[in-house]
file start.cif (mmCIF, C-alpha atoms)
data_start
loop_
_atom_site.label_atom_id
_atom_site.label_comp_id
_atom_site.auth_asym_id
_atom_site.auth_seq_id
_atom_site.Cartn_x
_atom_site.Cartn_y
_atom_site.Cartn_z
CA MET A 9 96.99 173.52 67.72
CA PRO A 10 94.46 172.78 64.96
CA THR A 11 92.37 169.60 65.36
CA ILE A 12 92.21 166.99 62.68
CA PRO A 13 88.63 166.56 61.48
CA HIS A 14 87.16 163.10 61.85
CA SER A 15 86.45 161.22 58.68
CA LYS A 16 82.87 160.29 57.85
CA SER A 17 83.60 156.59 58.30
CA THR A 18 85.01 157.20 61.79
CA LEU A 19 81.88 159.08 62.84
CA LEU A 20 79.66 156.35 61.47
CA LEU A 21 81.68 153.72 63.32
CA ARG A 22 81.33 155.61 66.59
CA TYR A 23 77.61 156.04 66.02
CA ALA A 24 77.13 152.36 65.29
CA SER A 25 79.14 151.40 68.36
CA GLY A 26 76.99 153.66 70.51
CA VAL A 27 73.81 152.12 69.12
CA ILE A 28 75.09 148.58 69.76
CA VAL A 29 76.08 149.45 73.33
CA GLY A 30 72.68 151.03 73.89
CA VAL A 31 70.87 147.95 72.60
CA ILE A 32 72.95 145.66 74.80
CA ILE A 33 72.20 147.77 77.87
CA CYS A 34 68.47 147.80 77.06
CA LEU A 35 68.41 144.01 76.62
CA ALA A 36 70.31 143.51 79.86
CA LEU A 37 67.87 145.75 81.74
CA ARG A 38 64.90 143.91 80.26
CA MET A 39 66.36 140.55 81.33
CA ILE A 40 66.97 141.84 84.84
CA ASN A 41 63.44 143.26 85.06
CA PHE A 42 61.97 139.96 83.80
CA ALA A 43 63.97 137.98 86.35
CA LEU A 44 62.79 140.29 89.14
CA TYR A 45 59.22 140.00 87.90
CA ARG A 46 59.35 136.19 87.87
CA ALA A 47 60.93 136.18 91.32
CA GLN A 48 57.99 138.20 92.65
CA GLN A 49 55.40 135.79 91.23
CA PRO A 50 54.26 133.12 93.69
CA GLY A 51 53.35 130.71 90.90
CA VAL A 52 52.88 130.10 87.20
CA THR A 53 49.45 128.99 86.03
CA LYS A 54 49.55 126.13 83.55
CA SER A 55 47.15 125.58 80.67
CA PRO A 56 43.80 123.75 81.08
CA GLU A 57 45.19 120.97 78.88
CA GLU A 58 48.15 120.52 81.22
CA ALA A 59 45.81 120.51 84.22
CA LEU A 60 43.70 117.78 82.59
CA ALA A 61 46.82 115.72 81.91
CA VAL A 62 47.76 115.89 85.60
CA GLU A 63 44.20 115.05 86.66
CA LYS A 64 44.23 112.02 84.39
CA GLN A 65 47.51 110.80 85.84
CA ILE A 66 46.77 111.26 89.53
CA GLY A 67 42.99 110.85 89.61
CA TYR A 68 41.35 114.20 90.25
CA LYS A 69 39.23 114.53 93.38
CA SER A 70 36.68 117.31 93.06
CA GLY A 71 36.62 119.74 95.95
CA GLN A 72 40.02 118.72 97.33
CA SER A 73 43.21 120.71 96.88
CA THR A 74 46.17 118.62 95.78
CA ILE A 75 49.90 119.19 95.77
CA VAL A 76 51.76 117.23 93.14
CA GLU A 77 55.47 116.63 93.75
CA PHE A 78 57.69 115.36 90.96
CA LEU A 79 60.64 113.67 92.61
CA ASP A 80 63.59 111.36 92.13
CA PHE A 81 64.37 108.98 94.99
CA GLU A 82 68.10 109.23 94.26
CA CYS A 83 68.03 113.05 94.25
CA GLY A 84 69.89 114.74 97.13
CA PRO A 85 67.70 117.89 97.15
CA CYS A 86 64.58 115.70 97.16
CA ARG A 87 65.81 113.89 100.26
CA THR A 88 66.71 117.17 101.95
CA PHE A 89 63.27 118.53 101.13
CA TRP A 90 61.36 115.46 102.35
CA PRO A 91 61.18 116.43 106.06
CA ASN A 92 59.57 119.71 104.99
CA VAL A 93 57.00 117.71 103.03
CA ARG A 94 56.14 115.68 106.09
CA ASP A 95 55.82 118.81 108.25
CA PHE A 96 53.58 120.43 105.65
CA GLN A 97 51.33 117.36 105.56
CA LYS A 98 50.89 117.51 109.33
CA MET A 99 49.96 121.19 109.14
CA HIS A 100 47.53 120.64 106.24
CA PRO A 101 45.87 117.25 106.81
CA GLY A 102 43.06 118.10 104.39
CA VAL A 103 45.41 118.63 101.45
CA ARG A 104 46.07 115.65 99.24
CA TRP A 105 49.76 115.07 98.44
CA VAL A 106 50.63 113.02 95.36
CA ILE A 107 54.09 111.86 94.32
CA VAL A 108 54.76 111.62 90.61
CA ASN A 109 57.94 109.79 89.70
CA CYS A 110 60.53 111.74 87.75
CA PRO A 111 63.73 109.63 87.82
CA LEU A 112 66.52 111.63 86.25
CA PRO A 113 68.90 110.05 83.71
CA VAL A 114 71.93 111.04 85.80
CA HIS A 115 70.82 108.72 88.63
CA PRO A 116 71.33 105.06 87.65
CA ASN A 117 69.12 103.59 90.39
CA ALA A 118 66.33 106.16 90.31
CA PHE A 119 64.11 104.29 87.86
CA SER A 120 64.22 101.06 89.87
CA ALA A 121 63.47 103.02 93.04
CA ALA A 122 60.48 104.60 91.30
CA VAL A 123 59.18 101.17 90.30
CA CYS A 124 59.66 99.99 93.88
CA PHE A 125 57.64 102.94 95.17
CA ASP A 126 54.86 102.40 92.63
CA ILE A 127 54.54 98.74 93.63
CA ALA A 128 54.32 99.70 97.31
CA ARG A 129 51.81 102.47 96.58
CA LYS A 130 49.62 100.07 94.59
CA TYR A 131 49.24 97.90 97.68
CA GLY A 132 48.75 100.70 100.19
CA HIS A 133 52.32 101.13 101.45
CA GLY A 134 53.34 104.17 99.41
CA GLU A 135 53.97 106.58 102.28
CA ALA A 136 55.99 104.07 104.28
CA MET A 137 58.08 103.16 101.25
CA ALA A 138 58.64 106.82 100.37
CA ASP A 139 59.92 107.46 103.91
CA LEU A 140 62.22 104.46 103.62
CA LEU A 141 63.60 105.45 100.21
CA MET A 142 64.07 109.06 101.30
CA SER A 143 65.81 108.15 104.54
CA GLY A 144 69.14 107.47 102.86
CA ASN A 145 69.56 104.48 105.14
CA ILE A 146 69.21 101.90 102.38
CA THR A 147 70.92 101.32 99.09
CA LEU A 148 68.89 101.53 95.91
CA SER A 149 70.26 98.41 94.26
CA THR A 150 67.72 95.99 92.79
CA LYS A 151 68.48 93.44 95.48
CA SER A 152 68.00 95.98 98.26
CA LEU A 153 64.79 97.32 96.77
CA ASN A 154 63.33 93.83 96.46
CA CYS A 155 64.26 93.13 100.08
CA ASN A 156 62.41 96.27 101.14
CA LEU A 157 59.35 95.27 99.15
CA ALA A 158 59.48 91.94 100.98
CA ARG A 159 59.25 93.85 104.27
CA PHE A 160 55.69 94.71 103.28
CA GLY A 161 54.94 91.21 102.06
CA LEU A 162 55.21 92.26 98.42
CA ILE A 163 56.81 89.74 96.13
CA GLN A 164 57.06 91.73 92.92
CA PRO A 165 60.72 91.33 91.90
CA ILE A 166 61.98 94.45 90.19
CA GLY A 167 63.35 93.59 86.78
CA SER A 168 60.95 90.67 86.32
CA PRO A 169 57.93 90.53 84.00
CA ARG A 170 55.67 90.83 87.05
CA ALA A 171 57.00 94.35 87.65
CA SER A 172 56.97 95.44 84.00
CA LEU A 173 53.54 97.07 84.29
CA PHE A 174 54.85 99.30 87.06
CA GLY A 175 57.82 100.25 84.90
CA ALA A 176 55.41 101.31 82.15
CA GLU A 177 53.53 103.45 84.67
CA VAL A 178 56.75 105.17 85.72
CA GLN A 179 57.47 105.94 82.08
CA LYS A 180 54.03 107.56 81.78
CA GLU A 181 54.86 109.73 84.79
CA MET A 182 58.16 110.69 83.20
CA ARG A 183 56.38 111.75 80.01
CA LEU A 184 54.02 113.92 82.04
CA ALA A 185 56.98 115.59 83.74
CA ARG A 186 58.55 116.27 80.37
CA ASP A 187 55.31 117.68 78.95
CA LEU A 188 55.02 120.05 81.92
CA GLY A 189 58.58 121.26 81.43
CA VAL A 190 59.98 119.71 84.60
CA ARG A 191 63.77 119.77 84.32
CA GLY A 192 64.81 119.15 87.89
CA THR A 193 63.52 117.71 91.14
CA PRO A 194 61.79 118.32 93.42
CA ALA A 195 59.18 120.20 91.37
CA LEU A 196 55.89 121.32 92.93
CA PHE A 197 52.47 121.94 91.41
CA VAL A 198 49.19 122.83 93.08
CA LEU A 199 45.95 121.49 91.64
CA SER A 200 43.27 123.64 93.25
CA LYS A 201 39.74 122.60 94.19
CA ASN A 202 38.43 124.05 90.94
CA GLY A 203 41.02 122.27 88.79
CA ILE A 204 43.52 125.08 88.19
CA LEU A 205 47.12 123.86 87.98
CA THR A 206 49.88 126.17 89.21
CA GLU A 207 53.60 125.54 89.33
CA VAL A 208 55.15 126.92 92.54
CA GLU A 209 58.67 127.35 93.82
CA SER A 210 58.10 126.63 97.51
CA LEU A 211 55.67 125.25 100.05
CA GLY A 212 55.00 128.78 101.23
CA ALA A 213 53.87 129.71 97.74
CA ALA A 214 51.82 126.52 97.50
CA GLU A 215 49.67 127.67 100.41
CA LEU A 216 48.47 130.63 98.34
CA PHE A 217 46.84 128.37 95.76
CA LEU A 218 45.21 125.69 97.88
CA GLU A 219 41.70 127.16 97.67
#
call {"tool": "encode", "arguments": {"input": "start.cif", "output": "structure tokens"}}
result
Amino acid sequence: MPTIPHSKSTLLLRYASGVIVGVIICLALRMINFALYRAQQPGVTKSPEEALAVEKQIGYKSGQSTIVEFLDFECGPCRTFWPNVRDFQKMHPGVRWVIVNCPLPVHPNAFSAAVCFDIARKYGHGEAMADLLMSGNITLSTKSLNCNLARFGLIQPIGSPRASLFGAEVQKEMRLARDLGVRGTPALFVLSKNGILTEVESLGAAELFLE
């Protein structure tokens, strides 16, 4: 039975379809390879300008490795991660650990909790307050937070003019998080002894950049 020859337009259509499919496959393979590459990288080095911004915020200490954790006190993953933080600190007593507040908009009480923490930290009770806020045993209402500040003898009512300076500091920390591209919490960065800032995905990866 004789075959019907394909028209020129049909051949061109098939050719174009083949090219499009080939391009899609190539793009998909490149995305997969990039994802695998990123997964194999222990950390992402940030720019010197970003490192200086972090140093300015936290107060850089020459010769001491620092881990910077951006967190939200109303964030479930942050609370789950907190015991690992405490274990890491025990294993690495010489490493400085700094909390930078990053209250997320989806958490209505996170900003007030951040202000509460900053007040406590200012007067030397930061670690104890962080443990309390991360425990999940207290509510994060303004009344509850003020009661917990009172535990440490701190009368700095959240929401009052006396606490406004701490609110401004939290906003500075939030801007830093945004400038560094932090989109979720907890987020970890290592500031090495020589001032190199590296974003890491885990505490295991953080250990690689402490020197």
call {"tool": "closest_residue", "arguments": {"input": "start.cif", "among": "A:Leu153, A:Ala61, A:Cys124, A:Leu173", "to": "Leu199 (chain A)", "atoms": "all atoms listed in the file"}}
result
A:Ala61
call {"tool": "residues_around", "arguments": {"input": "start.cif", "residues": "Val123 (chain A)", "least_positions_apart": "2", "cutoff": "12 Å", "atoms": "all atoms listed in the file", "output": "ChimeraX atom specification"}}
result
/A:80-81,108-111,117-121,125-130,134,137-138,141,148,150,153-154,157,164-168,170-182
call {"tool": "closest_residue", "arguments": {"input": "start.cif", "among": "A:Ser70, A:Tyr131, A:Leu79, A:Arg183", "to": "Glu219 (chain A)", "atoms": "only C-alpha atoms"}}
result
A:Ser70
call {"tool": "closest_residue", "arguments": {"input": "start.cif", "among": "A:Glu63, A:Glu82, A:Glu135, A:Glu209", "to": "Pro116 (chain A)", "atoms": "all atoms listed in the file"}}
result
A:Glu82
call {"tool": "atom_distance", "arguments": {"input": "start.cif", "atom1": "CA of Ser152 (chain A)", "atom2": "CA of Ala136 (chain A)"}}
result
15.7 Å
call {"tool": "residues_near_point", "arguments": {"input": "start.cif", "point": "(61.4, 117.4, 106.5)", "cutoff": "12 Å", "atoms": "all atoms listed in the file", "output": "list in words"}}
result
Pro85, Cys86, Arg87, Thr88, Phe89, Trp90, Pro91, Asn92, Val93, Arg94, Asp95, Phe96, Gln97, Lys98, Asp139, Met142, Ser143 and Leu211 of chain A
call {"tool": "atom_distance", "arguments": {"input": "start.cif", "atom1": "CA of Val52 (chain A)", "atom2": "CA of Glu207 (chain A)"}}
result
5.1 Å
call {"tool": "resolve_selection", "arguments": {"input": "start.cif", "expression": "the PyMOL selection byres ((chain A and resi 200) around 10)", "output": "JSON, numbers by chain"}}
result
{"A": [59, 69, 70, 71, 72, 73, 74, 75, 103, 197, 198, 199, 201, 202, 203, 204, 205, 206, 214, 217, 218, 219]}
call {"tool": "residues_around", "arguments": {"input": "start.cif", "residues": "Arg191 (chain A)", "least_positions_apart": "4", "cutoff": "10 Å", "atoms": "all atoms listed in the file", "output": "JSON, numbers by chain"}}
result
{"A": [110, 112, 185, 186, 195]}
call {"tool": "atom_distance", "arguments": {"input": "start.cif", "atom1": "CA of Ala122 (chain A)", "atom2": "CA of Arg104 (chain A)"}}
result
19.8 Å
call {"tool": "build_atoms", "arguments": {"input": "start.cif", "residues": "region 126-145 of chain A", "atoms": "N, CA and C atoms", "output": "short mmCIF file (atom, residue, chain, number, x, y, z; two decimals), in the coordinates of the input"}}
result
data_model
loop_
_atom_site.label_atom_id
_atom_site.label_comp_id
_atom_site.auth_asym_id
_atom_site.auth_seq_id
_atom_site.Cartn_x
_atom_site.Cartn_y
_atom_site.Cartn_z
N ASP A 126 56.17 102.61 93.26
CA ASP A 126 54.86 102.40 92.63
C ASP A 126 54.24 101.07 93.04
N ILE A 127 55.06 100.04 93.17
CA ILE A 127 54.54 98.74 93.63
C ILE A 127 53.98 98.88 95.04
N ALA A 128 54.76 99.52 95.92
CA ALA A 128 54.32 99.70 97.31
C ALA A 128 53.05 100.54 97.37
N ARG A 129 52.99 101.59 96.57
CA ARG A 129 51.81 102.47 96.58
C ARG A 129 50.56 101.70 96.11
N LYS A 130 50.74 100.86 95.11
CA LYS A 130 49.62 100.07 94.59
C LYS A 130 48.96 99.25 95.68
N TYR A 131 49.76 98.77 96.63
CA TYR A 131 49.24 97.90 97.68
C TYR A 131 49.11 98.61 99.03
N GLY A 132 49.04 99.94 98.98
CA GLY A 132 48.75 100.70 100.19
C GLY A 132 49.91 101.01 101.10
N HIS A 133 51.14 100.86 100.61
CA HIS A 133 52.32 101.13 101.45
C HIS A 133 53.19 102.25 100.87
N GLY A 134 52.58 103.13 100.09
CA GLY A 134 53.34 104.17 99.41
C GLY A 134 54.06 105.11 100.36
N GLU A 135 53.36 105.61 101.37
CA GLU A 135 53.97 106.58 102.28
C GLU A 135 55.13 105.96 103.04
N ALA A 136 54.93 104.75 103.53
CA ALA A 136 55.99 104.07 104.28
C ALA A 136 57.20 103.81 103.40
N MET A 137 56.97 103.42 102.15
CA MET A 137 58.08 103.16 101.25
C MET A 137 58.79 104.47 100.89
N ALA A 138 58.03 105.53 100.68
CA ALA A 138 58.64 106.82 100.37
C ALA A 138 59.56 107.26 101.51
N ASP A 139 59.08 107.11 102.75
CA ASP A 139 59.92 107.46 103.91
C ASP A 139 61.19 106.62 103.92
N LEU A 140 61.06 105.35 103.61
CA LEU A 140 62.22 104.46 103.62
C LEU A 140 63.21 104.84 102.53
N LEU A 141 62.72 105.09 101.32
CA LEU A 141 63.60 105.45 100.21
C LEU A 141 64.25 106.81 100.42
N MET A 142 63.54 107.72 101.07
CA MET A 142 64.07 109.06 101.30
C MET A 142 65.00 109.14 102.50
N SER A 143 65.01 108.10 103.31
CA SER A 143 65.81 108.15 104.54
C SER A 143 67.30 108.15 104.27
N GLY A 144 67.71 107.58 103.14
CA GLY A 144 69.14 107.47 102.86
C GLY A 144 69.81 106.35 103.63
N ASN A 145 69.00 105.57 104.33
CA ASN A 145 69.56 104.48 105.14
C ASN A 145 69.64 103.16 104.39
#
